[in-house]
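Read the structure below first, then the notes.
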2 protein chains.
Amino acid sequence: MTQVEPAAAETKLGRKRDHTRDPEILAAALEVLAETGFDGMTIDMVAARAKAGKATLYRRWPSKNELVIDAVACMKQADLDQSRLPDTGTLRGDLVAMIKPRSIEDAVKKMQIMAGVMSMISATPELADAANEALIKPRAAANRFLIQRAIDRGEVTPGCDIDALCLVTPAMATYRTLIERKPVDRDFLISLIDGVLLPALGLRAGDSPGAR
Amino acid sequence: MTQVEPAAAETKLGRKRDHTRDPEILAAALEVLAETGFDGMTIDMVAARAKAGKATLYRRWPSKNELVIDAVACMKQADLDQSRLPDTGTLRGDLVAMIKPRSIEDAVKKMQIMAGVMSMISATPELADAANEALIKPRAAANRFLIQRAIDRGEVTPGCDIDALCLVTPAMATYRTLIERKPVDRDFLISLIDGVLLPALGLRAGDSPGAR
DNA sequence: TCTATACGATACTGTGGAGTTCCGGATCTT
DNA sequence: AAGATCCGGAACTCCACAGTATCGTATAGA
């Protein structure tokens, strides 16, 4: 259970013992998933990508479905740690500070995975939950935290619908990627912040100017 | 082109001539699509549902993909006619008036189809466009129209980000259906209107009270 | 060095479904 | 009435892929 224990050392050829190859296999599965989608993905692809034998996959997971569910669930990781969120003093500053190239890249890959997994989602509630937990909720939780802090410091008046508002960004980004097939870039995110989120919270984009 | 012209009369057994059976087949395809998704859907299912022969489908569409694209595209219909939108005098009144059981039902089916089509969407841009045009844009256009009218009548200050705001409802509803798997019911829509849309436009839910 | 174990590679099987072909019957045309 | 046309039904082919079984090899332990 503890990840520290060196249960299996690497060997000359890079192979490992026990089920230590699981991470590589799951990572390979996620890559293939993002590239080809669930239906286009074959077990052989995953095995080849992970430089593993197909039999090895079936020794560990009973079916393709289980493998995919596991792979998606394992994305949750230490994703967005609240203690590591920006703290600029203003809500807009915090929200904008969260837009980093690295963050956008991650989000794009997440959305590709979400797209690839969509077909299966309608028939597999477990997967829907796994995807939601791993791909969307972390970001929503971060938004919730930032908004709540803005309320606590008096920047935003309480009583707003946090539950709905913290989902605006993830939901709109999902829609933009999956259906509109447009990039979720910095400009788009800024326009969401300034055009939807902040106005809904009674704030304006510019700090002082009531311009326009 | 004109739908009035009785290009082919019904015969004893309910069969028709030419390609007049297309509508039934497309409708059957949409049903199966909503129920089983693109991957679960087989041509035989569609043929059986439409009481048609599989060969008949292939006489008309070269492949399963083309059939699905066509079916989705044909949903656009006279969906939300601007001249038939509610006009209650207030934006909130209009938005709430658009929530009708019939409308929700439609939206649910649309979302099921969207879910069923998702897997294919990532690999087929044409289908993404068709789905967007038929399932999302009509609603966004209605929202845009209502908001613009509110601006014109002075209820809402111009300069708001209409493009983003009119997509909030469809995007959030899509997310809620596809990933959260929760129902898009009246309460949810109202909370979106009062918790996101109207606040973002500088309006409050209550008509007069500046409470809180 | 010898044995046991886990793995990678590969060949194999089984099956579901896309797409094709054929036929018999019903309708329309003249 | 007799061809011509279209359709529904069903049988068929073909293939991709899930899942299995086998074998050679490399590692770990003794």
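Chain labels run A, B, ... following the order of the structure tokens; each chain numbers its residues from 1, and ligands are numbered from 1 in the order shown.
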
I'd like the neighbourhood of D:DT22 as a PDB file with N, CA and C atoms (P, O5', C5', C4', C3', O3' and C1' of nucleotides), in the first residue's frame, where a residue qualifies if any of its atoms comes within 12 Å (using only C-alpha atoms (C1' of nucleotides)), though same-chain residues fewer than 4 positions away should be ignored.
```
ATOM      1  N   ALA A  55      -0.994 -10.060 -22.666  1.00  0.00           N
ATOM      2  CA  ALA A  55      -1.322 -10.958 -21.556  1.00  0.00           C
ATOM      3  C   ALA A  55      -1.104 -10.271 -20.218  1.00  0.00           C
TER       4      ALA A  55
ATOM      5  P    DA C   9       7.562  -6.625 -26.348  1.00  0.00           P
ATOM      6  O5'  DA C   9       7.327  -7.909 -27.229  1.00  0.00           O
ATOM      7  C5'  DA C   9       8.396  -8.814 -27.456  1.00  0.00           C
ATOM      8  C4'  DA C   9       7.881 -10.058 -28.150  1.00  0.00           C
ATOM      9  C3'  DA C   9       6.928  -9.792 -29.319  1.00  0.00           C
ATOM     10  O3'  DA C   9       7.457 -10.377 -30.493  1.00  0.00           O
ATOM     11  C1'  DA C   9       6.042 -11.443 -27.850  1.00  0.00           C
ATOM     12  P    DT C  10       6.772 -10.061 -31.913  1.00  0.00           P
ATOM     13  O5'  DT C  10       5.943 -11.381 -32.198  1.00  0.00           O
ATOM     14  C5'  DT C  10       6.430 -12.632 -31.704  1.00  0.00           C
ATOM     15  C4'  DT C  10       5.344 -13.685 -31.786  1.00  0.00           C
ATOM     16  C3'  DT C  10       4.299 -13.445 -32.899  1.00  0.00           C
ATOM     17  O3'  DT C  10       4.099 -14.650 -33.595  1.00  0.00           O
ATOM     18  C1'  DT C  10       3.231 -13.919 -30.886  1.00  0.00           C
ATOM     19  P    DA C  11       3.481 -14.627 -35.090  1.00  0.00           P
ATOM     20  O5'  DA C  11       2.729 -16.022 -35.136  1.00  0.00           O
ATOM     21  C5'  DA C  11       3.147 -17.082 -34.272  1.00  0.00           C
ATOM     22  C4'  DA C  11       1.923 -17.806 -33.708  1.00  0.00           C
ATOM     23  C3'  DA C  11       0.753 -17.920 -34.689  1.00  0.00           C
ATOM     24  O3'  DA C  11       0.295 -19.257 -34.720  1.00  0.00           O
ATOM     25  C1'  DA C  11       0.009 -17.019 -32.657  1.00  0.00           C
ATOM     26  P    DC C  12      -0.852 -19.676 -35.754  1.00  0.00           P
ATOM     27  O5'  DC C  12      -2.159 -19.739 -34.843  1.00  0.00           O
ATOM     28  C5'  DC C  12      -2.123 -20.488 -33.631  1.00  0.00           C
ATOM     29  C4'  DC C  12      -3.406 -20.245 -32.839  1.00  0.00           C
ATOM     30  C3'  DC C  12      -4.677 -20.278 -33.694  1.00  0.00           C
ATOM     31  O3'  DC C  12      -5.451 -21.425 -33.351  1.00  0.00           O
ATOM     32  C1'  DC C  12      -4.669 -18.464 -32.131  1.00  0.00           C
TER      33       DC C  12
END
```

Determine, using only C-alpha atoms, which residues of stretch 56-151 of chain A have any atom at most 8 Å from an atom of stretch 185-203 of chain A, and tabulate each with its shortest atom pair and distance in Å to one decimal place, rows ordered by chain and then rising number, as JSON lines.
```
{"residue": "A:Arg92", "atom": "CA", "partner": "A:Leu198", "partner_atom": "CA", "distance": 7.4}
{"residue": "A:Leu95", "atom": "CA", "partner": "A:Ile193", "partner_atom": "CA", "distance": 7.4}
{"residue": "A:Val96", "atom": "CA", "partner": "A:Ile190", "partner_atom": "CA", "distance": 7.0}
{"residue": "A:Ile99", "atom": "CA", "partner": "A:Arg186", "partner_atom": "CA", "distance": 6.7}
{"residue": "A:Ile104", "atom": "CA", "partner": "A:Asp185", "partner_atom": "CA", "distance": 7.0}
```

Written selection (N, CA, C and O atoms) as an mmCIF file, in the first residue's frame:
```cif
data_model
loop_
_atom_site.group_PDB
_atom_site.id
_atom_site.type_symbol
_atom_site.label_atom_id
_atom_site.label_comp_id
_atom_site.auth_asym_id
_atom_site.auth_seq_id
_atom_site.Cartn_x
_atom_site.Cartn_y
_atom_site.Cartn_z
ATOM 1 N N ARG A 92 -10.211 38.303 -8.977
ATOM 2 C CA ARG A 92 -9.796 38.291 -10.384
ATOM 3 C C ARG A 92 -8.321 37.930 -10.506
ATOM 4 O O ARG A 92 -7.924 37.141 -11.380
ATOM 5 N N LEU A 95 -8.028 34.177 -10.033
ATOM 6 C CA LEU A 95 -8.548 33.401 -11.164
ATOM 7 C C LEU A 95 -7.619 33.491 -12.369
ATOM 8 O O LEU A 95 -7.339 32.484 -13.030
ATOM 9 N N VAL A 96 -7.138 34.698 -12.629
ATOM 10 C CA VAL A 96 -6.232 34.871 -13.766
ATOM 11 C C VAL A 96 -4.914 34.144 -13.510
ATOM 12 O O VAL A 96 -4.325 33.547 -14.418
ATOM 13 N N ILE A 99 -4.509 30.655 -14.662
ATOM 14 C CA ILE A 99 -4.345 30.356 -16.091
ATOM 15 C C ILE A 99 -2.856 30.324 -16.408
ATOM 16 O O ILE A 99 -2.224 31.362 -16.577
ATOM 17 N N ILE A 104 -3.278 24.930 -18.815
ATOM 18 C CA ILE A 104 -4.096 24.796 -20.024
ATOM 19 C C ILE A 104 -3.808 23.472 -20.715
ATOM 20 O O ILE A 104 -4.718 22.745 -21.122
#
```

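Least-squares alignment of chain B on chain A, taking all C-alpha positions paired one to one, leaves a root-mean-square deviation of 0.5 Å.
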
Using only C-alpha atoms (C1' of nucleotides), which residues of chain D come within 10 Å of chain B, and what is the closest atom pair for each, with the distance in Å to one decimal? Give it as a tab-separated table, sorted by chain and residue number.
```
residue	atom	partner	partner_atom	distance
D:DT5	C1'	B:Arg17	CA	9.4
D:DC6	C1'	B:Arg17	CA	6.7
D:DC7	C1'	B:Thr56	CA	7.1
D:DG8	C1'	B:Gly53	CA	4.9
D:DG9	C1'	B:Gly53	CA	6.4
D:DA10	C1'	B:Gly53	CA	9.4
```

Could you please tell me, as a PDB file with N, CA and C atoms, in the first residue's frame, which residues of chain B have an atom within 9 Å of chain A when using only C-alpha atoms?
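As a result, out_27.pdb now contains:
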```pdb
ATOM      1  N   THR B  36     -29.159   3.714 -27.090  1.00  0.00           N
ATOM      2  CA  THR B  36     -28.001   2.828 -26.960  1.00  0.00           C
ATOM      3  C   THR B  36     -26.667   3.494 -27.262  1.00  0.00           C
ATOM      4  N   GLY B  37     -26.702   4.695 -27.811  1.00  0.00           N
ATOM      5  CA  GLY B  37     -25.445   5.341 -28.183  1.00  0.00           C
ATOM      6  C   GLY B  37     -24.953   4.843 -29.524  1.00  0.00           C
ATOM      7  N   PHE B  38     -24.003   5.570 -30.066  1.00  0.00           N
ATOM      8  CA  PHE B  38     -23.527   5.254 -31.415  1.00  0.00           C
ATOM      9  C   PHE B  38     -22.923   3.859 -31.505  1.00  0.00           C
ATOM     10  N   ASP B  39     -22.180   3.478 -30.496  1.00  0.00           N
ATOM     11  CA  ASP B  39     -21.466   2.206 -30.574  1.00  0.00           C
ATOM     12  C   ASP B  39     -22.397   1.030 -30.329  1.00  0.00           C
ATOM     13  N   GLN B 112     -29.542  13.090 -24.565  1.00  0.00           N
ATOM     14  CA  GLN B 112     -29.275  11.662 -24.731  1.00  0.00           C
ATOM     15  C   GLN B 112     -28.612  11.404 -26.075  1.00  0.00           C
ATOM     16  N   ALA B 115     -25.096  12.528 -25.925  1.00  0.00           N
ATOM     17  CA  ALA B 115     -24.273  11.549 -25.221  1.00  0.00           C
ATOM     18  C   ALA B 115     -23.957  10.375 -26.131  1.00  0.00           C
ATOM     19  N   GLY B 116     -24.959   9.912 -26.850  1.00  0.00           N
ATOM     20  CA  GLY B 116     -24.769   8.753 -27.702  1.00  0.00           C
ATOM     21  C   GLY B 116     -23.808   9.016 -28.836  1.00  0.00           C
ATOM     22  N   VAL B 117     -23.713  10.264 -29.203  1.00  0.00           N
ATOM     23  CA  VAL B 117     -22.955  10.631 -30.394  1.00  0.00           C
ATOM     24  C   VAL B 117     -21.538  11.072 -30.039  1.00  0.00           C
ATOM     25  N   MET B 118     -21.308  11.215 -28.762  1.00  0.00           N
ATOM     26  CA  MET B 118     -20.062  11.806 -28.293  1.00  0.00           C
ATOM     27  C   MET B 118     -18.821  11.082 -28.789  1.00  0.00           C
ATOM     28  N   SER B 119     -18.838   9.772 -28.703  1.00  0.00           N
ATOM     29  CA  SER B 119     -17.636   9.018 -29.078  1.00  0.00           C
ATOM     30  C   SER B 119     -17.239   9.334 -30.508  1.00  0.00           C
ATOM     31  N   MET B 120     -18.233   9.398 -31.347  1.00  0.00           N
ATOM     32  CA  MET B 120     -17.989   9.610 -32.757  1.00  0.00           C
ATOM     33  C   MET B 120     -17.549  11.050 -33.028  1.00  0.00           C
ATOM     34  N   ILE B 121     -18.007  11.930 -32.179  1.00  0.00           N
ATOM     35  CA  ILE B 121     -17.765  13.354 -32.407  1.00  0.00           C
ATOM     36  C   ILE B 121     -16.287  13.682 -32.459  1.00  0.00           C
ATOM     37  N   SER B 122     -15.510  13.047 -31.599  1.00  0.00           N
ATOM     38  CA  SER B 122     -14.099  13.412 -31.546  1.00  0.00           C
ATOM     39  C   SER B 122     -13.380  13.052 -32.845  1.00  0.00           C
ATOM     40  N   ALA B 123     -13.925  12.111 -33.591  1.00  0.00           N
ATOM     41  CA  ALA B 123     -13.258  11.677 -34.815  1.00  0.00           C
ATOM     42  C   ALA B 123     -13.939  12.228 -36.059  1.00  0.00           C
ATOM     43  N   PRO B 125     -15.523  15.708 -37.304  1.00  0.00           N
ATOM     44  CA  PRO B 125     -15.869  17.113 -37.154  1.00  0.00           C
ATOM     45  C   PRO B 125     -17.230  17.464 -37.739  1.00  0.00           C
ATOM     46  N   ALA B 128     -19.722  16.834 -35.191  1.00  0.00           N
ATOM     47  CA  ALA B 128     -19.666  17.819 -34.123  1.00  0.00           C
ATOM     48  C   ALA B 128     -20.433  19.066 -34.543  1.00  0.00           C
ATOM     49  N   ASP B 129     -20.213  19.495 -35.791  1.00  0.00           N
ATOM     50  CA  ASP B 129     -20.923  20.674 -36.278  1.00  0.00           C
ATOM     51  C   ASP B 129     -22.418  20.420 -36.322  1.00  0.00           C
ATOM     52  N   ALA B 131     -24.208  18.339 -34.628  1.00  0.00           N
ATOM     53  CA  ALA B 131     -24.760  18.277 -33.280  1.00  0.00           C
ATOM     54  C   ALA B 131     -24.861  19.669 -32.680  1.00  0.00           C
ATOM     55  N   ASN B 132     -23.839  20.452 -32.867  1.00  0.00           N
ATOM     56  CA  ASN B 132     -23.847  21.804 -32.328  1.00  0.00           C
ATOM     57  C   ASN B 132     -24.991  22.614 -32.932  1.00  0.00           C
ATOM     58  N   GLY B 159     -23.051  46.091 -23.392  1.00  0.00           N
ATOM     59  CA  GLY B 159     -21.638  45.906 -23.085  1.00  0.00           C
ATOM     60  C   GLY B 159     -21.372  44.588 -22.396  1.00  0.00           C
ATOM     61  N   CYS B 160     -22.409  43.866 -22.078  1.00  0.00           N
ATOM     62  CA  CYS B 160     -22.181  42.555 -21.480  1.00  0.00           C
ATOM     63  C   CYS B 160     -21.739  41.572 -22.562  1.00  0.00           C
ATOM     64  N   ASP B 161     -21.195  40.477 -22.128  1.00  0.00           N
ATOM     65  CA  ASP B 161     -20.630  39.496 -23.066  1.00  0.00           C
ATOM     66  C   ASP B 161     -21.714  38.509 -23.484  1.00  0.00           C
ATOM     67  N   ILE B 162     -22.525  38.949 -24.433  1.00  0.00           N
ATOM     68  CA  ILE B 162     -23.660  38.110 -24.831  1.00  0.00           C
ATOM     69  C   ILE B 162     -23.197  36.748 -25.339  1.00  0.00           C
ATOM     70  N   ALA B 164     -20.809  34.838 -24.583  1.00  0.00           N
ATOM     71  CA  ALA B 164     -20.536  33.866 -23.520  1.00  0.00           C
ATOM     72  C   ALA B 164     -21.815  33.549 -22.749  1.00  0.00           C
ATOM     73  N   LEU B 165     -22.587  34.578 -22.448  1.00  0.00           N
ATOM     74  CA  LEU B 165     -23.726  34.386 -21.548  1.00  0.00           C
ATOM     75  C   LEU B 165     -24.821  33.506 -22.155  1.00  0.00           C
ATOM     76  N   LEU B 167     -24.499  31.073 -23.899  1.00  0.00           N
ATOM     77  CA  LEU B 167     -24.076  29.665 -23.917  1.00  0.00           C
ATOM     78  C   LEU B 167     -24.080  29.036 -22.527  1.00  0.00           C
ATOM     79  N   VAL B 168     -24.246  29.860 -21.509  1.00  0.00           N
ATOM     80  CA  VAL B 168     -24.137  29.338 -20.143  1.00  0.00           C
ATOM     81  C   VAL B 168     -25.169  28.237 -19.898  1.00  0.00           C
ATOM     82  N   PRO B 170     -27.041  26.269 -22.052  1.00  0.00           N
ATOM     83  CA  PRO B 170     -26.813  25.017 -22.772  1.00  0.00           C
ATOM     84  C   PRO B 170     -25.579  24.264 -22.284  1.00  0.00           C
ATOM     85  N   ALA B 171     -24.501  24.982 -22.034  1.00  0.00           N
ATOM     86  CA  ALA B 171     -23.272  24.307 -21.630  1.00  0.00           C
ATOM     87  C   ALA B 171     -23.435  23.632 -20.272  1.00  0.00           C
ATOM     88  N   MET B 172     -24.045  24.344 -19.339  1.00  0.00           N
ATOM     89  CA  MET B 172     -24.218  23.770 -18.001  1.00  0.00           C
ATOM     90  C   MET B 172     -25.187  22.596 -18.049  1.00  0.00           C
ATOM     91  N   ALA B 173     -26.213  22.714 -18.873  1.00  0.00           N
ATOM     92  CA  ALA B 173     -27.172  21.609 -18.985  1.00  0.00           C
ATOM     93  C   ALA B 173     -26.500  20.383 -19.609  1.00  0.00           C
ATOM     94  N   THR B 174     -25.687  20.620 -20.600  1.00  0.00           N
ATOM     95  CA  THR B 174     -24.949  19.518 -21.218  1.00  0.00           C
ATOM     96  C   THR B 174     -24.074  18.817 -20.191  1.00  0.00           C
ATOM     97  N   TYR B 175     -23.314  19.614 -19.470  1.00  0.00           N
ATOM     98  CA  TYR B 175     -22.431  19.041 -18.455  1.00  0.00           C
ATOM     99  C   TYR B 175     -23.216  18.237 -17.434  1.00  0.00           C
ATOM    100  N   ARG B 176     -24.316  18.838 -16.979  1.00  0.00           N
ATOM    101  CA  ARG B 176     -25.110  18.173 -15.947  1.00  0.00           C
ATOM    102  C   ARG B 176     -25.646  16.834 -16.436  1.00  0.00           C
ATOM    103  N   LEU B 178     -24.508  14.938 -19.207  1.00  0.00           N
ATOM    104  CA  LEU B 178     -23.528  13.972 -19.693  1.00  0.00           C
ATOM    105  C   LEU B 178     -22.633  13.465 -18.586  1.00  0.00           C
ATOM    106  N   ILE B 179     -22.152  14.356 -17.746  1.00  0.00           N
ATOM    107  CA  ILE B 179     -21.147  13.935 -16.774  1.00  0.00           C
ATOM    108  C   ILE B 179     -21.737  13.729 -15.382  1.00  0.00           C
ATOM    109  N   GLU B 180     -22.546  14.672 -14.958  1.00  0.00           N
ATOM    110  CA  GLU B 180     -23.104  14.511 -13.609  1.00  0.00           C
ATOM    111  C   GLU B 180     -24.253  13.512 -13.582  1.00  0.00           C
ATOM    112  N   ARG B 181     -24.884  13.338 -14.734  1.00  0.00           N
ATOM    113  CA  ARG B 181     -26.009  12.415 -14.833  1.00  0.00           C
ATOM    114  C   ARG B 181     -27.127  12.790 -13.868  1.00  0.00           C
ATOM    115  N   SER B 191     -32.279  27.929 -10.988  1.00  0.00           N
ATOM    116  CA  SER B 191     -31.085  28.308 -10.219  1.00  0.00           C
ATOM    117  C   SER B 191     -30.007  28.862 -11.147  1.00  0.00           C
ATOM    118  N   LEU B 192     -29.969  28.375 -12.363  1.00  0.00           N
ATOM    119  CA  LEU B 192     -29.028  28.946 -13.331  1.00  0.00           C
ATOM    120  C   LEU B 192     -29.409  30.379 -13.674  1.00  0.00           C
ATOM    121  N   ASP B 194     -31.268  32.503 -11.936  1.00  0.00           N
ATOM    122  CA  ASP B 194     -31.163  33.431 -10.803  1.00  0.00           C
ATOM    123  C   ASP B 194     -29.764  33.490 -10.204  1.00  0.00           C
ATOM    124  N   GLY B 195     -29.000  32.407 -10.385  1.00  0.00           N
ATOM    125  CA  GLY B 195     -27.691  32.365  -9.742  1.00  0.00           C
ATOM    126  C   GLY B 195     -26.544  32.754 -10.652  1.00  0.00           C
ATOM    127  N   VAL B 196     -26.777  32.719 -11.947  1.00  0.00           N
ATOM    128  CA  VAL B 196     -25.681  33.006 -12.869  1.00  0.00           C
ATOM    129  C   VAL B 196     -26.079  34.063 -13.899  1.00  0.00           C
ATOM    130  N   LEU B 197     -27.069  33.740 -14.703  1.00  0.00           N
ATOM    131  CA  LEU B 197     -27.375  34.605 -15.839  1.00  0.00           C
ATOM    132  C   LEU B 197     -27.762  36.025 -15.427  1.00  0.00           C
ATOM    133  N   LEU B 198     -28.818  36.121 -14.616  1.00  0.00           N
ATOM    134  CA  LEU B 198     -29.292  37.448 -14.249  1.00  0.00           C
ATOM    135  C   LEU B 198     -28.254  38.239 -13.454  1.00  0.00           C
ATOM    136  N   PRO B 199     -27.631  37.639 -12.450  1.00  0.00           N
ATOM    137  CA  PRO B 199     -26.583  38.385 -11.742  1.00  0.00           C
ATOM    138  C   PRO B 199     -25.497  38.885 -12.678  1.00  0.00           C
ATOM    139  N   ALA B 200     -25.108  38.053 -13.629  1.00  0.00           N
ATOM    140  CA  ALA B 200     -24.058  38.468 -14.555  1.00  0.00           C
ATOM    141  C   ALA B 200     -24.494  39.637 -15.411  1.00  0.00           C
ATOM    142  N   LEU B 201     -25.812  39.802 -15.550  1.00  0.00           N
ATOM    143  CA  LEU B 201     -26.337  40.919 -16.336  1.00  0.00           C
ATOM    144  C   LEU B 201     -26.691  42.098 -15.446  1.00  0.00           C
ATOM    145  N   GLY B 202     -26.383  41.994 -14.166  1.00  0.00           N
ATOM    146  CA  GLY B 202     -26.647  43.094 -13.252  1.00  0.00           C
ATOM    147  C   GLY B 202     -28.078  43.151 -12.775  1.00  0.00           C
ATOM    148  N   ARG B 212     -30.781  41.850   0.902  1.00  0.00           N
ATOM    149  CA  ARG B 212     -29.473  41.291   1.251  1.00  0.00           C
ATOM    150  C   ARG B 212     -28.492  42.353   1.719  1.00  0.00           C
TER     151      ARG B 212
END
```

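The interatomic distance for the pair atom CA of A:Ala29 and atom CA of A:Asp70 works out to 9.7 Å.
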
Counting only C-alpha atoms (C1' of nucleotides), a student should be able to say which residues of chain C come within 9 Å of chain A; what is the right answer, written as a PyMOL selection string? chain C and resi 6-9
